[in-house]
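Trainee: I am sharing input_11.cif, which consists of mmCIF, C-alpha atoms:
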```cif
data_data
#
loop_
_atom_site.label_atom_id
_atom_site.label_comp_id
_atom_site.auth_asym_id
_atom_site.auth_seq_id
_atom_site.Cartn_x
_atom_site.Cartn_y
_atom_site.Cartn_z
CA MET A 242 0.00 0.00 0.00
CA SER A 243 1.28 3.42 -0.85
CA SER A 244 0.36 6.38 1.28
CA ALA A 245 1.84 9.55 2.68
CA ALA A 246 2.13 11.17 6.06
CA PRO A 247 -0.84 13.30 7.08
CA ARG A 248 -1.22 16.57 5.23
CA THR A 249 -0.40 19.27 7.68
CA THR A 250 -3.14 21.79 8.32
CA GLY A 251 -2.02 22.78 11.75
CA GLN A 252 -2.47 20.54 14.75
CA ASP A 253 -4.84 22.95 16.46
CA HIS A 254 -6.85 23.85 13.38
CA LEU A 255 -10.53 23.08 13.97
CA TRP A 256 -12.29 22.28 10.73
CA SER A 257 -15.93 23.15 10.23
CA VAL A 258 -18.36 20.52 8.98
CA ASP A 259 -18.72 22.43 5.73
CA GLU A 260 -14.97 22.74 5.17
CA HIS A 261 -14.44 19.02 5.65
CA LEU A 262 -17.30 18.12 3.31
CA GLU A 263 -16.10 20.60 0.67
CA ASP A 264 -12.64 19.05 0.79
CA ILE A 265 -14.12 15.59 0.28
CA LEU A 266 -16.36 16.61 -2.62
CA ALA A 267 -13.55 18.56 -4.28
CA THR A 268 -11.41 15.40 -4.25
CA VAL A 269 -13.92 12.69 -5.15
CA ARG A 270 -14.60 12.41 -8.87
CA PRO A 271 -17.40 10.50 -10.61
CA LEU A 272 -16.45 7.02 -11.78
CA GLU A 273 -15.74 6.47 -15.47
CA PRO A 274 -18.78 5.35 -17.50
CA ILE A 275 -19.16 1.75 -18.62
CA GLU A 276 -21.65 -0.20 -20.72
CA LEU A 277 -23.84 -2.49 -18.61
CA GLN A 278 -26.66 -4.95 -19.18
CA LEU A 279 -30.00 -3.50 -18.12
CA LEU A 280 -30.41 -5.34 -14.83
CA ASP A 281 -26.81 -4.66 -13.88
CA ALA A 282 -27.47 -0.96 -14.48
CA GLN A 283 -30.23 -0.72 -11.87
CA GLY A 284 -29.49 2.16 -9.51
CA CYS A 285 -26.85 3.62 -11.83
CA VAL A 286 -26.80 7.07 -13.41
CA LEU A 287 -27.28 7.36 -17.17
CA VAL A 288 -24.47 9.30 -18.88
CA GLU A 289 -26.11 9.87 -22.28
CA ASP A 290 -29.50 10.76 -23.67
CA VAL A 291 -31.40 7.75 -24.98
CA THR A 292 -33.39 8.24 -28.19
CA VAL A 293 -36.35 6.07 -29.11
CA PRO A 294 -35.48 3.93 -32.17
CA VAL A 295 -39.00 2.55 -32.68
CA SER A 296 -42.39 3.94 -31.73
CA LEU A 297 -44.27 2.55 -28.75
CA PRO A 298 -46.50 0.83 -29.42
CA PRO A 299 -44.91 -0.04 -32.78
CA PHE A 300 -48.33 -0.70 -34.37
CA ASP A 301 -52.03 0.01 -33.76
CA ASN A 302 -53.29 -2.63 -31.33
CA SER A 303 -56.35 -3.55 -29.31
CA SER A 304 -56.67 -2.54 -25.67
CA MET A 305 -59.49 -5.06 -25.11
CA ASP A 306 -60.45 -8.64 -25.81
CA GLY A 307 -63.26 -8.39 -28.33
CA TYR A 308 -63.98 -8.07 -32.04
CA ALA A 309 -62.30 -5.90 -34.65
CA VAL A 310 -65.02 -4.50 -36.92
CA ARG A 311 -65.96 -1.70 -39.29
CA VAL A 312 -67.80 1.23 -37.67
CA ALA A 313 -70.67 1.21 -40.19
CA ASP A 314 -71.39 -2.46 -39.50
CA VAL A 315 -72.24 -1.85 -35.82
CA ALA A 316 -73.90 1.56 -36.11
CA GLY A 317 -77.26 1.49 -34.34
CA ALA A 318 -76.68 -1.95 -32.81
CA SER A 319 -78.71 -2.75 -29.69
CA GLU A 320 -79.76 -5.77 -27.63
CA GLU A 321 -83.13 -5.71 -29.37
CA PHE A 322 -81.63 -5.28 -32.83
CA PRO A 323 -78.06 -6.61 -32.70
CA ALA A 324 -75.65 -6.38 -35.59
CA VAL A 325 -74.88 -9.89 -36.86
CA LEU A 326 -71.41 -10.24 -38.38
CA ASP A 327 -69.43 -13.09 -39.93
CA VAL A 328 -66.45 -14.09 -37.79
CA VAL A 329 -63.47 -14.65 -40.09
CA GLY A 330 -60.97 -15.86 -37.47
CA ASP A 331 -58.68 -14.84 -34.59
CA VAL A 332 -56.04 -12.14 -34.26
CA ALA A 333 -53.72 -12.87 -31.35
CA ALA A 334 -50.81 -10.91 -29.87
CA GLY A 335 -47.63 -11.77 -31.73
CA GLN A 336 -49.47 -13.03 -34.78
CA ALA A 337 -47.54 -12.32 -37.96
CA GLU A 338 -50.16 -12.90 -40.64
CA LEU A 339 -53.24 -10.70 -40.28
CA LEU A 340 -56.77 -11.36 -41.44
CA HIS A 341 -58.59 -8.80 -43.56
CA VAL A 342 -61.89 -7.53 -42.19
CA GLY A 343 -64.35 -6.68 -44.92
CA PRO A 344 -67.91 -5.32 -44.83
CA GLY A 345 -70.15 -7.39 -42.59
CA GLN A 346 -67.20 -9.19 -41.05
CA ALA A 347 -65.50 -9.31 -37.65
CA ALA A 348 -62.28 -10.83 -36.28
CA ARG A 349 -61.88 -12.02 -32.70
CA ILE A 350 -59.03 -9.91 -31.35
CA MET A 351 -57.01 -10.26 -28.16
CA THR A 352 -55.55 -7.49 -25.99
CA GLY A 353 -52.28 -6.29 -27.52
CA ALA A 354 -52.94 -7.87 -30.91
CA PRO A 355 -52.39 -5.70 -34.01
CA MET A 356 -55.44 -4.22 -35.68
CA PRO A 357 -56.22 -6.21 -38.84
CA PRO A 358 -56.49 -4.39 -42.17
CA GLY A 359 -60.00 -3.15 -42.85
CA ALA A 360 -61.02 -2.95 -39.18
CA GLU A 361 -61.73 0.51 -37.77
CA THR A 362 -62.67 -0.12 -34.15
CA VAL A 363 -62.86 -2.76 -31.43
CA VAL A 364 -66.08 -3.95 -29.78
CA PRO A 365 -65.38 -5.41 -26.30
CA VAL A 366 -66.49 -9.03 -25.97
CA GLU A 367 -68.90 -7.97 -23.18
CA TRP A 368 -70.87 -6.01 -25.82
CA THR A 369 -71.43 -9.22 -27.80
CA ASP A 370 -72.65 -12.78 -27.37
CA GLY A 371 -69.07 -14.03 -27.82
CA GLY A 372 -70.13 -15.88 -30.94
CA LEU A 373 -71.99 -18.48 -28.93
CA GLY A 374 -75.57 -17.26 -29.28
CA GLU A 375 -76.21 -17.22 -25.54
CA GLY A 376 -76.80 -13.51 -24.89
CA PRO A 377 -74.22 -10.97 -23.62
CA ALA A 378 -70.89 -12.67 -22.88
CA THR A 379 -68.88 -12.13 -19.71
CA GLY A 380 -65.59 -13.07 -21.32
CA MET A 381 -63.96 -14.75 -24.25
CA ARG A 382 -63.68 -18.51 -24.18
CA ALA A 383 -60.36 -20.08 -25.08
CA ARG A 384 -60.21 -21.20 -28.69
CA ALA A 385 -59.27 -24.72 -27.61
CA LEU A 386 -62.44 -24.96 -25.51
CA ALA A 387 -64.76 -23.27 -27.98
CA PRO A 388 -63.30 -23.44 -31.48
CA GLU A 389 -66.67 -22.46 -32.90
CA GLY A 390 -66.25 -19.02 -31.24
CA ALA A 391 -63.60 -18.04 -33.76
CA GLU A 392 -65.85 -18.56 -36.75
CA GLY A 393 -69.52 -18.46 -37.62
CA HIS A 394 -71.46 -15.40 -36.44
CA VAL A 395 -71.29 -12.89 -33.58
CA HIS A 396 -74.12 -10.71 -32.29
CA VAL A 397 -73.04 -7.16 -31.39
CA TYR A 398 -75.33 -5.28 -28.98
CA ARG A 399 -73.72 -1.81 -28.92
CA PRO A 400 -72.19 0.51 -31.49
CA ALA A 401 -68.56 1.66 -31.29
CA GLU A 402 -66.93 4.86 -32.45
CA ALA A 403 -63.97 4.88 -34.80
CA ARG A 404 -60.74 3.70 -33.11
CA ALA A 405 -62.48 2.92 -29.84
CA HIS A 406 -60.36 0.62 -27.66
CA VAL A 407 -57.42 1.00 -30.06
CA ARG A 408 -53.95 1.95 -28.86
CA ALA A 409 -52.45 4.09 -31.62
CA LYS A 410 -48.96 3.51 -32.93
CA GLY A 411 -46.58 5.91 -31.14
CA SER A 412 -49.16 6.93 -28.55
CA ASP A 413 -46.61 6.18 -25.78
CA VAL A 414 -43.43 7.49 -27.44
CA LYS A 415 -42.57 8.13 -31.06
CA ALA A 416 -39.42 7.14 -32.91
CA GLY A 417 -36.89 9.94 -32.52
CA ASP A 418 -38.25 11.11 -29.16
CA ARG A 419 -35.88 11.37 -26.21
CA ALA A 420 -36.75 8.51 -23.90
CA LEU A 421 -34.42 9.33 -21.00
CA GLU A 422 -32.03 12.17 -20.25
CA ALA A 423 -28.43 11.88 -19.14
CA GLY A 424 -28.32 12.05 -15.35
CA THR A 425 -31.39 9.84 -14.88
CA VAL A 426 -31.12 7.25 -12.11
CA LEU A 427 -32.24 3.92 -13.55
CA GLY A 428 -35.00 2.39 -11.46
CA PRO A 429 -37.49 -0.32 -12.50
CA PRO A 430 -39.71 1.98 -14.64
CA GLN A 431 -36.70 3.36 -16.52
CA ILE A 432 -35.31 -0.13 -17.13
CA ALA A 433 -38.74 -1.19 -18.38
CA LEU A 434 -38.73 1.67 -20.89
CA LEU A 435 -35.22 0.82 -22.10
CA ALA A 436 -36.22 -2.80 -22.63
CA ALA A 437 -39.44 -1.74 -24.38
CA ILE A 438 -37.53 0.29 -26.95
CA GLY A 439 -35.09 -2.54 -27.56
CA ARG A 440 -32.07 -1.43 -25.54
CA GLY A 441 -30.29 -4.41 -23.97
CA THR A 442 -27.36 -2.40 -22.64
CA VAL A 443 -26.90 1.19 -21.51
CA ARG A 444 -23.97 3.46 -20.76
CA VAL A 445 -23.87 4.49 -17.09
CA ARG A 446 -21.58 5.37 -14.23
CA PRO A 447 -21.27 2.15 -12.23
CA ARG A 448 -22.30 1.81 -8.61
CA PRO A 449 -19.24 2.53 -6.45
CA ARG A 450 -17.56 -0.37 -4.67
CA VAL A 451 -17.20 0.59 -1.01
CA VAL A 452 -15.14 -1.44 1.45
CA VAL A 453 -16.09 -0.98 5.11
CA MET A 454 -13.92 -2.13 7.98
CA SER A 455 -14.04 -1.55 11.72
CA THR A 456 -11.07 -1.67 14.06
CA GLY A 457 -10.71 -2.72 17.66
CA SER A 458 -9.46 -5.79 19.50
CA GLU A 459 -12.55 -5.64 21.69
CA LEU A 460 -14.87 -6.32 18.76
CA ILE A 461 -16.33 -9.73 18.05
CA GLN A 462 -18.88 -10.92 15.52
CA PRO A 463 -22.60 -11.33 16.30
CA ASP A 464 -23.56 -14.87 17.36
CA GLU A 465 -20.21 -15.33 19.15
CA GLN A 466 -19.98 -15.54 22.93
CA LEU A 467 -19.06 -12.24 24.58
CA GLY A 468 -15.97 -12.35 26.78
CA HIS A 469 -14.95 -9.86 29.44
CA GLY A 470 -14.37 -6.42 27.93
CA GLN A 471 -15.72 -7.42 24.53
CA ILE A 472 -18.55 -5.90 22.50
CA TYR A 473 -20.24 -6.88 19.28
CA ASP A 474 -19.12 -5.16 16.09
CA SER A 475 -22.14 -3.15 14.99
CA ASN A 476 -20.42 -0.34 13.10
CA SER A 477 -19.31 -2.37 10.11
CA PHE A 478 -22.83 -3.75 9.70
CA ALA A 479 -24.43 -0.31 10.03
CA LEU A 480 -22.07 1.36 7.58
CA THR A 481 -22.18 -1.45 5.04
CA ALA A 482 -25.97 -1.30 5.08
CA ALA A 483 -25.84 2.50 4.84
CA ALA A 484 -23.48 2.31 1.85
CA ARG A 485 -25.85 -0.06 0.07
CA ASP A 486 -28.75 2.24 0.91
CA ALA A 487 -26.80 5.09 -0.68
CA GLY A 488 -26.47 3.11 -3.92
CA ALA A 489 -23.09 1.46 -3.53
CA ILE A 490 -21.94 -2.12 -3.84
CA ALA A 491 -20.62 -2.53 -0.31
CA TYR A 492 -18.22 -5.10 1.12
CA ARG A 493 -17.93 -5.61 4.84
CA VAL A 494 -14.58 -6.64 6.32
CA GLY A 495 -14.60 -8.22 9.77
CA ALA A 496 -13.18 -6.23 12.65
CA VAL A 497 -9.40 -5.76 12.51
CA ALA A 498 -7.44 -6.02 15.76
CA ASP A 499 -5.53 -3.06 17.20
CA ASP A 500 -2.33 -3.74 15.29
CA ALA A 501 -1.04 -1.20 12.78
CA GLU A 502 0.75 -3.71 10.56
CA THR A 503 -2.29 -5.98 10.36
CA LEU A 504 -4.47 -3.02 9.46
CA ARG A 505 -2.06 -1.82 6.76
CA ASN A 506 -1.99 -5.29 5.21
CA THR A 507 -5.77 -5.60 5.34
CA ILE A 508 -6.27 -2.24 3.66
CA GLU A 509 -3.72 -3.15 0.99
CA ASP A 510 -5.53 -6.43 0.31
CA GLN A 511 -8.88 -4.67 -0.02
CA LEU A 512 -7.77 -1.90 -2.40
CA VAL A 513 -8.25 -4.14 -5.43
CA ARG A 514 -12.04 -4.05 -4.99
CA ALA A 515 -12.50 -0.53 -3.64
CA ASP A 516 -13.56 2.73 -5.25
CA LEU A 517 -13.89 4.11 -1.72
CA MET A 518 -12.66 2.81 1.63
CA VAL A 519 -14.31 3.52 4.97
CA THR A 520 -12.79 2.69 8.34
CA THR A 521 -14.38 3.18 11.71
CA GLY A 522 -12.52 3.51 14.98
CA GLY A 523 -8.91 4.30 15.78
CA VAL A 524 -8.82 7.97 14.74
CA SER A 525 -8.69 9.72 18.11
CA VAL A 526 -5.67 10.42 20.32
CA GLY A 527 -5.53 7.20 22.34
CA ALA A 528 -2.52 4.90 22.53
CA TYR A 529 -4.41 2.21 20.57
CA ASP A 530 -5.89 4.34 17.81
CA VAL A 531 -4.37 2.17 15.09
CA VAL A 532 -5.97 3.70 11.99
CA LYS A 533 -4.19 6.93 12.72
CA GLU A 534 -0.97 5.07 13.50
CA ALA A 535 -1.13 2.77 10.49
CA LEU A 536 -1.90 5.41 7.90
CA SER A 537 0.30 8.10 9.41
CA SER A 538 3.45 5.97 9.63
CA VAL A 539 3.63 4.95 5.98
CA GLY A 540 5.71 7.59 4.25
CA ASP A 541 8.54 5.83 2.47
CA GLU A 542 6.55 4.94 -0.65
CA ASP A 543 4.72 8.23 -1.12
CA GLU A 544 2.64 8.72 -4.21
CA ALA A 545 2.13 12.30 -5.29
CA GLY A 546 -1.24 13.48 -4.04
CA SER A 547 -1.70 10.58 -1.63
CA GLY A 548 -2.03 10.80 2.11
CA ILE A 549 -4.54 10.82 4.94
CA ASP A 550 -5.21 13.97 6.92
CA PHE A 551 -6.50 13.43 10.45
CA ARG A 552 -8.56 16.35 11.68
CA LYS A 553 -10.65 17.73 14.47
CA LEU A 554 -14.05 19.01 13.42
CA ALA A 555 -16.24 21.53 15.16
CA MET A 556 -19.08 19.05 15.50
CA GLN A 557 -20.68 16.73 18.02
CA PRO A 558 -20.68 13.79 17.74
CA GLY A 559 -17.83 12.99 15.36
CA LYS A 560 -15.03 15.39 16.23
CA PRO A 561 -12.12 13.17 15.04
CA GLN A 562 -12.14 12.49 11.29
CA GLY A 563 -9.69 11.37 8.66
CA PHE A 564 -9.73 11.85 4.90
CA GLY A 565 -7.37 11.38 2.02
CA SER A 566 -6.34 8.87 -0.64
CA ILE A 567 -4.23 5.75 -0.62
CA GLY A 568 -2.64 3.32 -3.02
CA PRO A 569 -1.51 3.60 -6.65
CA ASP A 570 -4.99 4.60 -7.82
CA HIS A 571 -5.37 7.25 -5.10
CA THR A 572 -8.44 5.52 -3.71
CA PRO A 573 -10.39 7.87 -1.41
CA LEU A 574 -10.46 6.81 2.25
CA LEU A 575 -12.65 8.23 4.98
CA ALA A 576 -11.67 7.34 8.53
CA LEU A 577 -14.61 7.71 10.91
CA PRO A 578 -14.68 7.64 14.71
CA GLY A 579 -15.56 4.41 16.48
CA ASN A 580 -18.49 5.34 18.70
CA PRO A 581 -21.60 3.97 16.96
CA VAL A 582 -23.57 7.21 16.77
CA SER A 583 -20.49 9.24 15.83
CA SER A 584 -19.75 6.73 13.10
CA TYR A 585 -23.25 6.74 11.65
CA VAL A 586 -23.69 10.51 11.79
CA SER A 587 -20.29 10.92 10.11
CA PHE A 588 -21.36 8.51 7.39
CA GLU A 589 -24.53 10.47 6.66
CA LEU A 590 -22.71 13.80 6.57
CA PHE A 591 -19.56 12.80 4.67
CA VAL A 592 -19.51 9.27 3.25
CA ARG A 593 -22.97 9.24 1.71
CA PRO A 594 -22.31 12.44 -0.27
CA ALA A 595 -18.98 10.94 -1.43
CA ILE A 596 -20.74 7.79 -2.66
CA ARG A 597 -23.36 9.85 -4.48
CA ALA A 598 -20.61 11.99 -6.04
CA LEU A 599 -18.84 8.85 -7.29
CA MET A 600 -22.14 7.82 -8.90
CA GLY A 601 -22.27 11.11 -10.78
CA LEU A 602 -25.40 12.41 -9.10
CA GLU A 603 -25.93 16.16 -9.00
CA ASP A 604 -27.76 16.20 -5.66
CA VAL A 605 -25.64 14.24 -3.20
CA HIS A 606 -27.27 15.39 0.04
CA ARG A 607 -30.10 14.12 2.19
CA PRO A 608 -33.17 16.37 2.10
CA ARG A 609 -33.33 19.06 4.77
CA VAL A 610 -36.45 20.72 6.15
CA THR A 611 -37.37 23.16 8.89
CA ALA A 612 -39.39 21.65 11.72
CA LYS A 613 -40.83 22.79 15.03
CA LEU A 614 -39.05 21.28 18.03
CA THR A 615 -41.26 19.36 20.44
CA ALA A 616 -39.48 18.51 23.67
CA ASP A 617 -39.99 18.54 27.44
CA LYS A 618 -37.13 20.96 27.95
CA ALA A 619 -34.66 23.07 26.03
CA LEU A 620 -31.90 21.36 24.08
CA THR A 621 -28.38 22.33 25.07
CA SER A 622 -25.40 22.34 22.74
CA PRO A 623 -21.68 23.09 23.26
CA LYS A 624 -20.59 26.52 22.04
CA GLY A 625 -18.65 26.44 18.82
CA ARG A 626 -19.81 22.95 17.84
CA ARG A 627 -22.44 21.99 15.33
CA GLN A 628 -24.47 19.34 17.12
CA PHE A 629 -26.43 16.57 15.44
CA LEU A 630 -29.08 15.01 17.67
CA ARG A 631 -31.21 12.03 16.77
CA GLY A 632 -34.86 12.85 16.20
CA ALA A 633 -38.22 11.54 15.05
CA TYR A 634 -39.83 13.71 12.36
CA SER A 635 -43.56 13.87 11.65
CA ASP A 636 -45.82 16.46 10.00
CA GLY A 637 -43.49 19.42 10.39
CA THR A 638 -42.40 18.64 13.95
CA VAL A 639 -39.34 16.87 15.31
CA THR A 640 -38.85 15.21 18.70
CA PRO A 641 -35.45 14.26 20.18
CA VAL A 642 -34.84 10.53 20.51
CA GLY A 643 -32.46 9.46 23.28
CA GLY A 644 -29.70 11.61 24.69
CA ALA A 645 -26.62 13.21 23.21
CA GLY A 646 -24.31 10.28 24.03
CA SER A 647 -22.36 8.93 21.05
CA HIS A 648 -22.80 5.33 22.19
CA LEU A 649 -26.63 5.21 22.20
CA VAL A 650 -27.34 2.69 19.44
CA ALA A 651 -30.88 1.92 20.62
CA ALA A 652 -31.92 5.57 20.29
CA LEU A 653 -30.39 5.71 16.82
CA ALA A 654 -32.51 2.76 15.74
CA HIS A 655 -35.68 4.74 16.50
CA ALA A 656 -34.60 7.96 14.78
CA ASP A 657 -35.41 8.99 11.23
CA ALA A 658 -33.87 12.46 11.31
CA LEU A 659 -30.95 14.48 12.59
CA ILE A 660 -31.67 17.69 14.49
CA VAL A 661 -29.05 20.29 13.57
CA VAL A 662 -28.04 22.78 16.26
CA PRO A 663 -25.76 25.47 14.77
CA GLU A 664 -22.34 26.36 16.19
CA ASP A 665 -23.50 29.70 17.59
CA VAL A 666 -26.54 28.27 19.42
CA GLU A 667 -26.20 26.89 22.95
CA SER A 668 -29.87 26.37 23.78
CA VAL A 669 -32.98 25.59 21.72
CA GLU A 670 -36.36 26.08 23.38
CA PRO A 671 -39.36 23.85 22.61
CA GLY A 672 -41.45 25.34 19.81
CA THR A 673 -38.39 26.75 18.00
CA GLU A 674 -38.10 26.19 14.25
CA ILE A 675 -34.94 24.19 13.63
CA GLU A 676 -33.18 22.53 10.70
CA VAL A 677 -33.64 18.77 10.29
CA VAL A 678 -31.84 16.27 8.07
CA LEU A 679 -34.28 13.56 6.94
CA LEU A 680 -32.72 10.11 6.99
CA GLY A 681 -35.61 8.03 5.69
#
```
For this file, produce the structure as structure tokens.

Mentor:
Amino acid sequence: MSSAAPRTTGQDHLWSVDEHLEDILATVRPLEPIELQLLDAQGCVLVEDVTVPVSLPPFDNSSMDGYAVRVADVAGASEEFPAVLDVVGDVAAGQAELLHVGPGQAARIMTGAPMPPGAETVVPVEWTDGGLGEGPATGMRARALAPEGAEGHVHVYRPAEARAHVRAKGSDVKAGDRALEAGTVLGPPQIALLAAIGRGTVRVRPRPRVVVMSTGSELIQPDEQLGHGQIYDSNSFALTAAARDAGAIAYRVGAVADDAETLRNTIEDQLVRADLMVTTGGVSVGAYDVVKEALSSVGDEDEAGSGIDFRKLAMQPGKPQGFGSIGPDHTPLLALPGNPVSSYVSFELFVRPAIRALMGLEDVHRPRVTAKLTADKALTSPKGRRQFLRGAYSDGTVTPVGGAGSHLVAALAHADALIVVPEDVESVEPGTEIEVVLLG
């Protein structure tokens, strides 16, 4: 692994949240476009306009099961005086050879089947006797069960206007129209449209590959037996899930012990499948903060432009942060604090926008709204720090969930918003309008 010593910004420099985010977004560049099969492109961002090569639908077709007829032949038809027409055969969806409907004739037609030459309108089967002479039909019998229904005579009990129940060629989109614009995120409806116009592949920015790893010798995997001083590793699960929620292909690496050499080797091994690396834990000032130690001590194989800068941010939770690039491809790395809430809040503020930037999205941020604070007492916040409190948002109001502690995972699980208390505010009274980041 190739890295550089931390970029010096002054040991006592306190970065603002906005400065740190701006630095990240100024460094992260969208991934290079590639051609992908449609289903592999789900969730990706289109990099080119897509033009419709063929009209949709490509031919006039029936929107009902019924009979294709001429308008004049059913004019004035009623139950008392039905129009009686000769049935010349069936027209089914996908049928290549079409019947011709002449005066006094009708063709049984199925939904989606092309309009036969000579026919001007479609009479729904419910307006007829279905060719069986038993009064108004409720549906069309299968040809195999009632072969006589596709020939002989049909009684029509209602008239139909020209082109009734006919889907016109190009009524959805016309050849030459722009189907999708560059910048569109491809969800199921967009993929359906691409398939419908005959596109099997599409040019997109791929979903970023994000490797998430947590550090700490005290961490063990869920389902294992807790020993003295041990805790379960929740951060790597939370951040991997969050990365997938943001649109990435995320890989979770099991917790790495507090050993700088082991961590360096693990990061080096993971670089091959990473467009972005995220670590959690080991970025503070303790004697066992190995992420800081591991990435700060590698300076003999410097690559120009590489290096991790460890910073203090004017925020709570999440004061210690690291950001930079590593390896021959200058892979971005964000080093987050280890406390669960600090880690998750840091992800939402910094990692999620980085993932969305890699995808080539224009809007990389969670939506923000103003909400009225509902609480039993005023919220307090440290002077000079931008505080992010967990909250539950509903109908223009937000209620704090849990306390301010950065270890309160249970409270985080019940929150769907972050309450933002600005740096220059030390107290927020109930009823105050306050900014909220919506997480759901």

Trainee: Could you tell me how far atom CA of A:Tyr398 lies from atom CA of A:Asp301, in Å and to one decimal?

Mentor: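 Those two atoms sit 24.4 Å apart.
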
Trainee: So which residues fall inside 10 Å of (-21.4, 3.5, -18.6) if we count all atoms listed in the file? Mind giving them as a list in words?

Mentor: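 Output of the proximity query reads Leu272, Glu273, Pro274, Ile275, Glu276, Leu277, Gln278, Ala282, Cys285, Val286, Leu287, Val288, Glu289, Thr442, Val443, Arg444, Val445, Arg446 and Pro447 of chain A.
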
Trainee: Scan for residues within 6 Å of the point (-17.9, 16.5, 2.7) in the coordinates of the file, using all atoms listed in the file, and reply as a short mmCIF file (atom, residue, chain, number, x, y, z; two decimals) with C-alpha atoms, in the coordinates of the input.

Mentor:
```cif
data_model
loop_
_atom_site.label_atom_id
_atom_site.label_comp_id
_atom_site.auth_asym_id
_atom_site.auth_seq_id
_atom_site.Cartn_x
_atom_site.Cartn_y
_atom_site.Cartn_z
CA HIS A 261 -14.44 19.02 5.65
CA LEU A 262 -17.30 18.12 3.31
CA GLU A 263 -16.10 20.60 0.67
CA ILE A 265 -14.12 15.59 0.28
CA LEU A 266 -16.36 16.61 -2.62
CA PHE A 591 -19.56 12.80 4.67
#
```

Trainee: Between atom CA of A:Ala484 and atom CA of A:Ser455, what is the distance, to one decimal in Å?

Mentor: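 So the two atoms, atom CA of A:Ala484 and atom CA of A:Ser455, lie 14.2 Å apart.
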
Trainee: Quick one: residues within 6 Å of A:Thr362, all atoms listed in the file, excluding same-chain residues fewer than 4 positions away - as number ranges by chain?

Mentor: A: 309-310, 403-405

Trainee: Based on the selection just made, write C-alpha atoms of those residues as an mmCIF file, in the coordinates of the input.

Mentor:
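Final output, saved to out.cif:
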```cif
data_model
loop_
_atom_site.group_PDB
_atom_site.id
_atom_site.type_symbol
_atom_site.label_atom_id
_atom_site.label_comp_id
_atom_site.auth_asym_id
_atom_site.auth_seq_id
_atom_site.Cartn_x
_atom_site.Cartn_y
_atom_site.Cartn_z
ATOM 1 C CA ALA A 309 -62.300 -5.900 -34.650
ATOM 2 C CA VAL A 310 -65.020 -4.500 -36.920
ATOM 3 C CA ALA A 403 -63.970 4.880 -34.800
ATOM 4 C CA ARG A 404 -60.740 3.700 -33.110
ATOM 5 C CA ALA A 405 -62.480 2.920 -29.840
#
```

Trainee: Restrict the calculation to only C-alpha atoms, then for each residue of stretch 393-458 of chain A with any atom at most 8 Å from an atom of stretch 311-321 of chain A give the closest atom pair and their distance in Å to one decimal, rows by chain and rising residue number, as a tab-separated table.

Mentor:
```
residue	atom	partner	partner_atom	distance
A:Val397	CA	A:Ala318	CA	6.5
A:Tyr398	CA	A:Ser319	CA	4.3
A:Arg399	CA	A:Ala318	CA	4.9
A:Pro400	CA	A:Val315	CA	4.9
A:Ala401	CA	A:Val312	CA	6.4
A:Glu402	CA	A:Val312	CA	6.4
A:Ala403	CA	A:Val312	CA	6.0
```

Trainee: Show me, as a PyMOL selection string, the residues that have an atom within 6 Å of stretch 550-557 of chain A when counting all atoms listed in the file, minus same-chain residues fewer than 5 positions from it.

Mentor: chain A and resi 247-248+255-257+562-565+626-628

Trainee: Nearest residue to A:Thr425 out of A:Gly457, A:Pro671, A:Gly284, A:Pro271, using all atoms listed in the file?

Mentor: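 The shortest atom-to-atom distance to A:Thr425 comes from A:Gly284.
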
Trainee: Might you pull out every residue within 7 Å of A:Gly632, with only C-alpha atoms counted and same-chain residues fewer than 2 positions away left off, and present them as a PyMOL selection string?

Mentor: chain A and resi 630+634+639-642+656-660

Trainee: Wanna dump the stretch 555-662 of chain A-stretch 499-522 of chain A contacts at 8 Å for me, each residue with its shortest atom pair and the distance in Å to one decimal, counting all atoms listed in the file, ordered by chain and number, as JSON lines?

Mentor:
```
{"residue": "A:Gly568", "atom": "CA", "partner": "A:Leu512", "partner_atom": "CA", "distance": 7.3}
{"residue": "A:Thr572", "atom": "CA", "partner": "A:Leu517", "partner_atom": "CA", "distance": 6.0}
{"residue": "A:Pro573", "atom": "CA", "partner": "A:Leu517", "partner_atom": "CA", "distance": 5.1}
{"residue": "A:Leu574", "atom": "CA", "partner": "A:Met518", "partner_atom": "CA", "distance": 4.6}
{"residue": "A:Leu575", "atom": "CA", "partner": "A:Val519", "partner_atom": "CA", "distance": 5.0}
{"residue": "A:Ala576", "atom": "CA", "partner": "A:Thr520", "partner_atom": "CA", "distance": 4.8}
{"residue": "A:Leu577", "atom": "CA", "partner": "A:Thr521", "partner_atom": "CA", "distance": 4.6}
{"residue": "A:Pro578", "atom": "CA", "partner": "A:Gly522", "partner_atom": "CA", "distance": 4.7}
{"residue": "A:Gly579", "atom": "CA", "partner": "A:Gly522", "partner_atom": "CA", "distance": 3.5}
{"residue": "A:Asn580", "atom": "CA", "partner": "A:Gly522", "partner_atom": "CA", "distance": 7.3}
{"residue": "A:Ser584", "atom": "CA", "partner": "A:Thr521", "partner_atom": "CA", "distance": 6.6}
{"residue": "A:Val592", "atom": "CA", "partner": "A:Val519", "partner_atom": "CA", "distance": 7.9}
{"residue": "A:Ile596", "atom": "CA", "partner": "A:Leu517", "partner_atom": "CA", "distance": 7.8}
```

Trainee: Specify as a list in words each residue included when the PyMOL selection byres ((chain A and resi 666) around 12) is applied to this file.

Mentor: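 For this structure, the PyMOL selection byres ((chain A and resi 666) around 12) resolves to Ala619, Leu620, Thr621, Ser622, Pro623, Lys624, Gly625, Arg626, Arg627, Gln628, Val661, Val662, Pro663, Glu664, Asp665, Glu667, Ser668, Val669, Glu670 and Ile675 of chain A.
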